[in-house]
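Colleague: Contents are JSON, C-alpha atoms; file name protein_16.json:
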```json
[["chain", "number", "residue", "atom", "x", "y", "z"],
["A", 317, "MET", "CA", -36.00, -11.81, 2.34],
["A", 318, "ALA", "CA", -37.09, -8.20, 1.91],
["A", 319, "ALA", "CA", -36.01, -7.35, 5.46],
["A", 320, "LYS", "CA", -32.60, -8.88, 4.86],
["A", 321, "ALA", "CA", -32.16, -6.87, 1.65],
["A", 322, "THR", "CA", -33.17, -3.70, 3.47],
["A", 323, "ARG", "CA", -30.63, -4.29, 6.21],
["A", 324, "ARG", "CA", -27.91, -4.90, 3.63],
["A", 325, "LYS", "CA", -28.75, -1.74, 1.71],
["A", 326, "THR", "CA", -28.93, 0.34, 4.89],
["A", 327, "ALA", "CA", -25.61, -0.89, 6.25],
["A", 328, "ALA", "CA", -23.83, -0.38, 2.94],
["A", 329, "GLN", "CA", -24.60, 3.32, 2.65],
["A", 330, "ARG", "CA", -21.45, 4.52, 4.39],
["A", 331, "SER", "CA", -18.42, 3.34, 6.28],
["A", 332, "LEU", "CA", -19.19, 3.03, 9.97],
["A", 333, "ARG", "CA", -16.90, 3.93, 12.84],
["A", 334, "LEU", "CA", -16.77, 4.91, 16.49],
["A", 335, "GLY", "CA", -19.12, 7.78, 17.34],
["A", 336, "LEU", "CA", -21.60, 7.39, 14.48],
["A", 337, "ARG", "CA", -25.32, 6.87, 15.03],
["A", 338, "GLY", "CA", -28.21, 5.76, 12.89],
["A", 339, "ALA", "CA", -30.27, 2.94, 11.45],
["A", 340, "ASP", "CA", -27.25, 1.61, 9.60],
["A", 341, "VAL", "CA", -25.35, 1.28, 12.88],
["A", 342, "LYS", "CA", -28.30, -0.60, 14.36],
["A", 343, "ALA", "CA", -28.36, -2.94, 11.35],
["A", 344, "LEU", "CA", -24.63, -3.50, 11.85],
["A", 345, "GLN", "CA", -25.12, -4.33, 15.52],
["A", 346, "GLN", "CA", -27.85, -6.82, 14.72],
["A", 347, "ARG", "CA", -25.69, -8.46, 12.07],
["A", 348, "LEU", "CA", -22.70, -8.71, 14.39],
["A", 349, "ARG", "CA", -24.84, -10.41, 17.01],
["A", 350, "SER", "CA", -26.19, -12.88, 14.43],
["A", 351, "LYS", "CA", -22.59, -13.72, 13.52],
["A", 352, "GLY", "CA", -21.75, -14.44, 17.16],
["A", 353, "PHE", "CA", -20.02, -11.14, 18.01],
["A", 354, "ASN", "CA", -21.95, -9.36, 20.76],
["A", 355, "PRO", "CA", -21.94, -5.55, 20.33],
["A", 356, "GLY", "CA", -24.15, -4.89, 23.35],
["A", 357, "ALA", "CA", -27.52, -3.22, 22.88],
["A", 358, "ALA", "CA", -28.66, -2.70, 19.28],
["A", 359, "ASP", "CA", -29.26, 0.98, 19.94],
["A", 360, "GLY", "CA", -27.88, 2.51, 16.76],
["A", 361, "ILE", "CA", -24.90, 4.04, 18.58],
["A", 362, "PHE", "CA", -21.41, 2.97, 17.48],
["A", 363, "GLY", "CA", -19.77, 2.88, 20.89],
["A", 364, "ASN", "CA", -16.86, 1.01, 22.43],
["A", 365, "ALA", "CA", -18.72, -2.31, 22.67],
["A", 366, "THR", "CA", -19.66, -2.18, 18.99],
["A", 367, "GLN", "CA", -16.10, -1.30, 18.05],
["A", 368, "ALA", "CA", -14.79, -4.25, 20.10],
["A", 369, "ALA", "CA", -17.23, -6.60, 18.33],
["A", 370, "VAL", "CA", -16.15, -5.23, 14.94],
["A", 371, "LEU", "CA", -12.48, -5.75, 15.80],
["A", 372, "ALA", "CA", -13.15, -9.33, 16.90],
["A", 373, "PHE", "CA", -15.08, -10.04, 13.70],
["A", 374, "GLN", "CA", -12.34, -8.52, 11.55],
["A", 375, "ARG", "CA", -9.66, -10.63, 13.23],
["A", 376, "SER", "CA", -11.82, -13.71, 12.81],
["A", 377, "GLU", "CA", -12.17, -13.01, 9.07],
["A", 378, "ASN", "CA", -8.49, -12.15, 8.58],
["A", 379, "LEU", "CA", -9.40, -8.56, 7.68],
["A", 380, "LEU", "CA", -7.56, -5.41, 8.60],
["A", 381, "ALA", "CA", -8.49, -4.96, 12.26],
["A", 382, "ASP", "CA", -9.03, -1.20, 12.37],
["A", 383, "GLY", "CA", -12.48, -1.11, 13.97],
["A", 384, "VAL", "CA", -13.92, 0.66, 10.92],
["A", 385, "VAL", "CA", -16.68, -1.03, 8.94],
["A", 386, "GLY", "CA", -15.61, -0.20, 5.40],
["A", 387, "PRO", "CA", -16.39, -1.95, 2.09],
["A", 388, "ARG", "CA", -14.48, -5.16, 2.81],
["A", 389, "THR", "CA", -15.89, -5.62, 6.31],
["A", 390, "LEU", "CA", -19.39, -4.80, 5.07],
["A", 391, "ALA", "CA", -19.07, -7.45, 2.37],
["A", 392, "ALA", "CA", -17.84, -10.02, 4.88],
["A", 393, "LEU", "CA", -20.77, -9.24, 7.18],
["A", 394, "PHE", "CA", -23.62, -8.89, 4.69],
["A", 395, "GLY", "CA", -22.35, -10.79, 1.64],
["A", 396, "GLY", "CA", -21.81, -9.62, -1.90],
["A", 397, "LYS", "CA", -18.83, -8.11, -3.64],
["A", 398, "PRO", "CA", -17.01, -5.38, -1.71],
["A", 399, "ALA", "CA", -17.61, -1.87, -2.97],
["A", 400, "PRO", "CA", -14.44, -0.11, -4.15],
["A", 401, "LEU", "CA", -12.38, 1.55, -1.45],
["A", 402, "PRO", "CA", -12.59, 5.36, -1.38],
["A", 403, "ASP", "CA", -10.35, 6.84, -4.08],
["A", 404, "ALA", "CA", -7.72, 9.17, -2.61],
["A", 405, "THR", "CA", -5.93, 9.79, -5.91],
["A", 406, "ALA", "CA", -8.33, 12.51, -7.07],
["A", 407, "ALA", "CA", -7.18, 14.77, -4.23],
["A", 408, "LEU", "CA", -3.56, 14.68, -5.41],
["A", 409, "ASP", "CA", -1.83, 16.73, -8.07],
["A", 410, "PRO", "CA", 1.84, 17.53, -8.71],
["A", 411, "ILE", "CA", 1.73, 20.74, -6.68],
["A", 412, "SER", "CA", 0.20, 19.12, -3.60],
["A", 413, "VAL", "CA", 2.49, 16.09, -3.87],
["A", 414, "SER", "CA", 5.50, 18.40, -4.11],
["A", 415, "ARG", "CA", 4.89, 19.17, -0.42],
["A", 416, "MET", "CA", 5.85, 15.57, 0.24],
["A", 417, "PHE", "CA", 8.96, 15.99, -1.95],
["A", 418, "PRO", "CA", 10.40, 19.39, -0.97],
["A", 419, "PHE", "CA", 13.75, 18.79, -2.67],
["A", 420, "THR", "CA", 12.40, 17.34, -5.92],
["A", 421, "PRO", "CA", 11.82, 19.32, -9.15],
["A", 422, "VAL", "CA", 8.09, 19.65, -9.72],
["A", 423, "GLY", "CA", 8.64, 18.70, -13.36],
["A", 424, "ASN", "CA", 9.75, 15.22, -12.29],
["A", 425, "ILE", "CA", 6.57, 14.82, -10.26],
["A", 426, "LYS", "CA", 4.40, 16.02, -13.17],
["A", 427, "ARG", "CA", 5.97, 13.45, -15.49],
["A", 428, "ASN", "CA", 5.81, 10.48, -13.14],
["A", 429, "LEU", "CA", 2.87, 10.94, -10.77],
["A", 430, "PRO", "CA", 0.21, 9.89, -13.33],
["A", 431, "PHE", "CA", 1.95, 6.54, -13.90],
["A", 432, "VAL", "CA", 2.05, 5.86, -10.16],
["A", 433, "LEU", "CA", -1.56, 6.83, -9.46],
["A", 434, "GLU", "CA", -2.91, 4.89, -12.44],
["A", 435, "ALA", "CA", -0.99, 1.78, -11.39],
["A", 436, "LEU", "CA", -2.36, 2.03, -7.85],
["A", 437, "LYS", "CA", -5.90, 2.39, -9.17],
["A", 438, "ARG", "CA", -5.51, -0.64, -11.46],
["A", 439, "ALA", "CA", -4.30, -2.65, -8.48],
["A", 440, "GLY", "CA", -7.14, -1.48, -6.23],
["A", 441, "LEU", "CA", -4.70, 0.32, -3.92],
["A", 442, "HIS", "CA", -6.17, 3.80, -4.35],
["A", 443, "ASP", "CA", -7.27, 4.27, -0.73],
["A", 444, "ARG", "CA", -5.58, 6.92, 1.40],
["A", 445, "LEU", "CA", -3.25, 4.66, 3.38],
["A", 446, "MET", "CA", -1.84, 2.83, 0.36],
["A", 447, "VAL", "CA", -1.49, 5.95, -1.78],
["A", 448, "LEU", "CA", 0.47, 7.68, 0.98],
["A", 449, "MET", "CA", 2.52, 4.51, 1.51],
["A", 450, "ALA", "CA", 3.41, 4.41, -2.18],
["A", 451, "LEU", "CA", 4.45, 8.05, -2.35],
["A", 452, "ALA", "CA", 6.42, 7.90, 0.90],
["A", 453, "THR", "CA", 8.16, 4.78, -0.41],
["A", 454, "ILE", "CA", 9.18, 6.63, -3.57],
["A", 455, "ARG", "CA", 10.56, 9.48, -1.44],
["A", 456, "ALA", "CA", 12.64, 6.98, 0.55],
["A", 457, "GLU", "CA", 13.82, 4.97, -2.44],
["A", 458, "THR", "CA", 14.30, 7.60, -5.15],
["A", 459, "GLU", "CA", 13.77, 11.15, -3.98],
["A", 460, "SER", "CA", 14.05, 12.41, -7.54],
["A", 461, "PHE", "CA", 10.61, 10.84, -8.20],
["A", 462, "GLU", "CA", 12.07, 9.09, -11.22],
["A", 463, "PRO", "CA", 12.35, 5.32, -11.81],
["A", 464, "VAL", "CA", 16.13, 5.15, -11.64],
["A", 465, "ALA", "CA", 18.69, 2.36, -11.50],
["A", 466, "GLU", "CA", 20.66, 1.84, -8.31],
["A", 467, "GLY", "CA", 24.12, 3.37, -8.14],
["A", 468, "GLN", "CA", 27.23, 1.82, -6.68],
["A", 469, "SER", "CA", 27.81, 2.05, -2.94],
["A", 470, "ARG", "CA", 29.81, 0.33, -0.23],
["A", 471, "PHE", "CA", 26.78, -1.89, 0.38],
["A", 472, "ASN", "CA", 26.76, -3.39, -3.11],
["A", 473, "THR", "CA", 30.34, -3.06, -4.35],
["A", 474, "SER", "CA", 33.51, -4.20, -2.59],
["A", 475, "PRO", "CA", 36.63, -1.97, -2.57],
["A", 476, "SER", "CA", 38.48, -4.02, -5.18],
["A", 477, "GLY", "CA", 35.56, -5.72, -6.89],
["A", 478, "HIS", "CA", 33.59, -5.12, -10.05],
["A", 479, "PRO", "CA", 30.36, -3.09, -9.80],
["A", 480, "PHE", "CA", 27.68, -4.75, -7.66],
["A", 481, "ASP", "CA", 29.85, -7.77, -6.88],
["A", 482, "LEU", "CA", 28.39, -7.94, -3.35],
["A", 483, "TYR", "CA", 25.03, -8.75, -4.94],
["A", 484, "ASP", "CA", 26.31, -11.46, -7.29],
["A", 485, "ASN", "CA", 26.01, -14.36, -4.87],
["A", 486, "ARG", "CA", 23.12, -13.16, -2.70],
["A", 487, "ALA", "CA", 21.05, -16.34, -2.42],
["A", 488, "ASP", "CA", 18.28, -14.40, -0.66],
["A", 489, "LEU", "CA", 17.86, -12.38, -3.88],
["A", 490, "GLY", "CA", 17.94, -15.50, -6.06],
["A", 491, "ASN", "CA", 21.19, -14.39, -7.69],
["A", 492, "ARG", "CA", 23.45, -17.05, -9.18],
["A", 493, "GLY", "CA", 26.78, -15.32, -9.43],
["A", 494, "GLU", "CA", 28.29, -12.79, -11.83],
["A", 495, "PRO", "CA", 26.74, -10.90, -13.61],
["A", 496, "ASP", "CA", 23.46, -11.18, -11.66],
["A", 497, "GLY", "CA", 24.47, -8.50, -9.15],
["A", 498, "GLY", "CA", 24.66, -5.70, -11.68],
["A", 499, "ARG", "CA", 22.06, -7.14, -14.04],
["A", 500, "TYR", "CA", 19.40, -7.30, -11.34],
["A", 501, "ARG", "CA", 20.39, -4.30, -9.23],
["A", 502, "GLY", "CA", 17.72, -2.01, -7.83],
["A", 503, "ARG", "CA", 15.50, -0.28, -10.37],
["A", 504, "GLY", "CA", 12.26, 1.65, -10.56],
["A", 505, "TYR", "CA", 10.28, 3.56, -7.97],
["A", 506, "VAL", "CA", 10.56, 0.73, -5.45],
["A", 507, "GLN", "CA", 14.12, -0.29, -6.38],
["A", 508, "LEU", "CA", 13.25, -3.87, -7.27],
["A", 509, "THR", "CA", 16.36, -5.97, -6.62],
["A", 510, "GLY", "CA", 17.47, -9.52, -7.36],
["A", 511, "ARG", "CA", 16.82, -12.21, -9.97],
["A", 512, "HIS", "CA", 14.03, -13.72, -7.86],
["A", 513, "ASN", "CA", 12.08, -10.47, -7.62],
["A", 514, "TYR", "CA", 12.50, -9.61, -11.30],
["A", 515, "GLY", "CA", 11.03, -12.99, -12.18],
["A", 516, "LYS", "CA", 8.26, -12.97, -9.59],
["A", 517, "TYR", "CA", 7.01, -9.43, -10.13],
["A", 518, "GLY", "CA", 7.51, -9.58, -13.87],
["A", 519, "ASP", "CA", 4.99, -12.43, -13.82],
["A", 520, "LYS", "CA", 2.65, -10.47, -11.54],
["A", 521, "ILE", "CA", 2.41, -7.51, -13.90],
["A", 522, "GLY", "CA", 2.07, -9.61, -17.04],
["A", 523, "LEU", "CA", 5.59, -9.35, -18.45],
["A", 524, "GLY", "CA", 6.55, -12.91, -17.62],
["A", 525, "GLY", "CA", 10.19, -13.68, -18.35],
["A", 526, "LYS", "CA", 10.59, -10.49, -20.38],
["A", 527, "LEU", "CA", 11.62, -8.54, -17.29],
["A", 528, "LEU", "CA", 14.33, -11.09, -16.55],
["A", 529, "ASP", "CA", 15.60, -10.78, -20.11],
["A", 530, "GLU", "CA", 15.31, -6.98, -20.21],
["A", 531, "PRO", "CA", 15.71, -5.75, -16.61],
["A", 532, "ASP", "CA", 16.02, -2.12, -17.72],
["A", 533, "LEU", "CA", 12.28, -2.23, -18.44],
["A", 534, "ALA", "CA", 11.86, -1.70, -14.69],
["A", 535, "CYS", "CA", 12.97, 1.90, -15.25],
["A", 536, "LYS", "CA", 10.11, 2.67, -17.65],
["A", 537, "PRO", "CA", 7.55, 4.77, -15.77],
["A", 538, "ASP", "CA", 4.56, 2.59, -16.61],
["A", 539, "VAL", "CA", 6.36, -0.64, -15.73],
["A", 540, "ALA", "CA", 7.87, 0.93, -12.61],
["A", 541, "GLY", "CA", 4.40, 2.01, -11.48],
["A", 542, "ASP", "CA", 2.98, -1.47, -11.92],
["A", 543, "LEU", "CA", 5.93, -3.02, -10.07],
["A", 544, "LEU", "CA", 5.49, -0.63, -7.17],
["A", 545, "ALA", "CA", 1.78, -1.45, -6.94],
["A", 546, "ALA", "CA", 2.39, -5.21, -7.15],
["A", 547, "PHE", "CA", 5.09, -5.10, -4.50],
["A", 548, "LEU", "CA", 2.98, -3.05, -2.07],
["A", 549, "GLY", "CA", -0.22, -4.95, -2.82],
["A", 550, "GLU", "CA", 1.34, -8.21, -1.69],
["A", 551, "ARG", "CA", 1.93, -6.61, 1.72],
["A", 552, "GLU", "CA", -1.22, -4.47, 1.91],
["A", 553, "ARG", "CA", -2.69, -5.67, 5.18],
["A", 554, "GLU", "CA", 0.63, -5.73, 7.04],
["A", 555, "ILE", "CA", 1.47, -2.24, 5.76],
["A", 556, "LYS", "CA", -1.87, -0.85, 6.85],
["A", 557, "GLU", "CA", -1.56, -2.40, 10.29],
["A", 558, "ALA", "CA", 1.86, -0.82, 10.71],
["A", 559, "LEU", "CA", 0.66, 2.59, 9.55],
["A", 560, "LEU", "CA", -2.40, 2.51, 11.78],
["A", 561, "ASP", "CA", -0.08, 1.76, 14.72],
["A", 562, "GLN", "CA", 2.20, 4.62, 13.63],
["A", 563, "ASP", "CA", 4.96, 2.01, 13.40],
["A", 564, "PHE", "CA", 6.76, 3.62, 10.47],
["A", 565, "ALA", "CA", 9.91, 1.56, 10.96],
["A", 566, "ARG", "CA", 7.91, -1.63, 10.47],
["A", 567, "ALA", "CA", 6.12, -0.23, 7.42],
["A", 568, "ARG", "CA", 9.49, 0.63, 5.93],
["A", 569, "ARG", "CA", 10.96, -2.79, 6.72],
["A", 570, "LEU", "CA", 8.10, -4.47, 4.88],
["A", 571, "VAL", "CA", 9.38, -2.84, 1.68],
["A", 572, "ASN", "CA", 13.08, -2.27, 2.18],
["A", 573, "GLY", "CA", 13.95, -4.94, 4.73],
["A", 574, "GLY", "CA", 15.69, -2.29, 6.85],
["A", 575, "SER", "CA", 15.59, 1.36, 7.82],
["A", 576, "HIS", "CA", 17.21, 2.94, 4.75],
["A", 577, "GLY", "CA", 15.46, 6.24, 3.99],
["A", 578, "LEU", "CA", 13.24, 6.05, 7.08],
["A", 579, "ASP", "CA", 13.57, 9.76, 7.84],
["A", 580, "ARG", "CA", 12.44, 10.68, 4.31],
["A", 581, "PHE", "CA", 9.66, 8.10, 4.44],
["A", 582, "VAL", "CA", 8.24, 9.49, 7.69],
["A", 583, "ALA", "CA", 8.51, 13.11, 6.56],
["A", 584, "ALA", "CA", 6.72, 12.36, 3.29],
["A", 585, "TYR", "CA", 4.01, 10.29, 4.93],
["A", 586, "ARG", "CA", 3.23, 12.93, 7.55],
["A", 587, "ALA", "CA", 3.10, 15.66, 4.92],
["A", 588, "GLY", "CA", 0.75, 13.46, 2.89],
["A", 589, "VAL", "CA", -1.55, 12.98, 5.87],
["A", 590, "GLU", "CA", -1.94, 16.76, 6.08],
["A", 591, "ILE", "CA", -2.52, 17.11, 2.34],
["A", 592, "THR", "CA", -5.23, 14.45, 2.25],
["A", 593, "ALA", "CA", -6.89, 15.24, 5.59],
["A", 594, "PRO", "CA", -10.70, 15.38, 5.23],
["A", 595, "SER", "CA", -12.05, 18.91, 5.40],
["A", 596, "ALA", "CA", -14.02, 19.79, 8.51]]
```
The structure given in the file should be rewritten as structure tokens.

Modeller:
Amino acid sequence: MAAKATRRKTAAQRSLRLGLRGADVKALQQRLRSKGFNPGAADGIFGNATQAAVLAFQRSENLLADGVVGPRTLAALFGGKPAPLPDATAALDPISVSRMFPFTPVGNIKRNLPFVLEALKRAGLHDRLMVLMALATIRAETESFEPVAEGQSRFNTSPSGHPFDLYDNRADLGNRGEPDGGRYRGRGYVQLTGRHNYGKYGDKIGLGGKLLDEPDLACKPDVAGDLLAAFLGEREREIKEALLDQDFARARRLVNGGSHGLDRFVAAYRAGVEITAPSA
């Protein structure tokens, strides 16, 4: 029992990845082998064989298969509640984030960034990948960094129709005809759209049917932050897989369903990677 506790404590000291060495790596290798995933020799060196065993274990457990033994993989291997993911929000402030939003007034970022970061932290999405995903999504959806309502365009309004008439009967959005198109048009940081989504994500953030009754609430910064976090959180693993593969088009499709704003998304994400890069 004492030996088992020691191994668990040792392995949980840090995230483990390719190239690291130490007693915690050896404990990891022994644990992988006991779980049926052969890492090769238990030599305390995180090499290619250990990484391959980690990847196989992660896929078996339906975890993000990134080959890194972080809090969630450690918990799956050794038991217990996962430690919180590393918090990337502390490294961000309005001035640094403005590098991701070069055409946006810094005042807008100062007003809205705290709502976004707090919502991500409440949702447990404060790790580097998801924070950058959230900010890049805002850049793509509403470059002003404000939770705005969608304007009319040729994609939502026909030449001779009333505003947002092309949304009115969109069954995929759960709309039921006029006036659902305009009533449930895109709003917030993530541009939540459609009766179905207003109902579903209103429930997720604790507003219940209130968001359906008062859809303009989605433009309040605190509500918009929670909606963004809920929407991204539902797709967390798929988003991370896409980002790790540098498949930005897929990451964007997971939110938008298409490629709208992809150039802004990629530019913001890459700038964010530089801002949050670990110091040497």

Colleague: Find the residues around region 460-475 of chain A up to 8 Å (only C-alpha atoms counted), leave out those fewer than 2 positions away in its own chain, and share them as a list in words.

Modeller: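 Returned residues: Thr420, Pro421, Asn424, Ile425, Asn428, Ile454, Arg455, Thr458, Gly477, His478, Pro479, Phe480, Asp481, Leu482, Tyr483, Arg501, Gly502, Arg503, Gly504, Tyr505, Gln507, Ala534, Cys535, Lys536, Pro537 and Ala540 of chain A.
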
Colleague: Which of these, A:Leu543, A:Ala583, A:Asn491, A:Pro387, has the shortest distance to Leu523 (chain A) once you count all atoms listed in the file?

Modeller: A:Leu543

Colleague: In Å, rounded to a single decimal, give me how far CA of Glu554 (chain A) is from CA of Val370 (chain A).

Modeller: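 Interatomic distance, CA of Val370 (chain A) to CA of Glu554 (chain A): 18.6 Å.
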
Colleague: Between A:Lys520, A:Pro495, A:Thr453, A:Asp529, which one has atoms that come closest to Phe581 (chain A), using only C-alpha atoms?

Modeller: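 Comparing A:Lys520, A:Pro495, A:Thr453, A:Asp529 against Phe581 (chain A), the winner is A:Thr453.
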
Colleague: Using all atoms listed in the file, pick whichever of A:Leu334, A:Ala487, A:Leu401, A:Leu548 has the shortest atom-to-atom distance to Ala368 (chain A).

Modeller: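 Going through A:Leu334, A:Ala487, A:Leu401, A:Leu548 one by one, the smallest distance to Ala368 (chain A) is for A:Leu334.
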
Colleague: For Val447 (chain A), which residue among A:Leu528, A:Ala406, A:Val341, A:Ala565 is the nearest when counting only C-alpha atoms?

Modeller: A:Ala406

Colleague: Can you tell me which residues surround Ala392 (chain A) at a distance of at most 12 Å, considering only C-alpha atoms, apart from same-chain residues fewer than 2 positions away, and format the answer as a list in words?

Modeller: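 Selected residues are Arg324, Ala328, Leu344, Arg347, Leu348, Lys351, Val370, Phe373, Gln374, Arg375, Ser376, Glu377, Asn378, Leu379, Leu380, Val385, Gly386, Pro387, Arg388, Thr389, Leu390, Phe394, Gly395, Gly396, Lys397, Pro398 and Ala399 of chain A.
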
Colleague: Which residues, written as a ChimeraX atom specification, have at least one atom at most 12 Å from Gly522 (chain A), with all atoms listed in the file counted and residues fewer than 5 positions away on the same chain left out?

Modeller: /A:514-517,527,539,542-543,546

Colleague: Just give me the gap between CA of Pro402 (chain A) and CA of Lys426 (chain A) in Å, one decimal is fine.

Modeller: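 Interatomic distance here is 23.3 Å.
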
Colleague: CA of Gly490 (chain A) to CA of Ala545 (chain A): how many Å, to one decimal?

Modeller: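 Separation of CA of Gly490 (chain A) and CA of Ala545 (chain A): 21.4 Å.
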
Colleague: In the coordinates of the file, take the point (10.8, 10.7, 6.5) and a cut-off of 10 Å; then, counting only C-alpha atoms, name each qualifying protein, DNA or RNA residue as a PyMOL selection string.

Modeller: chain A and resi 416+452-453+455-456+564+577-587
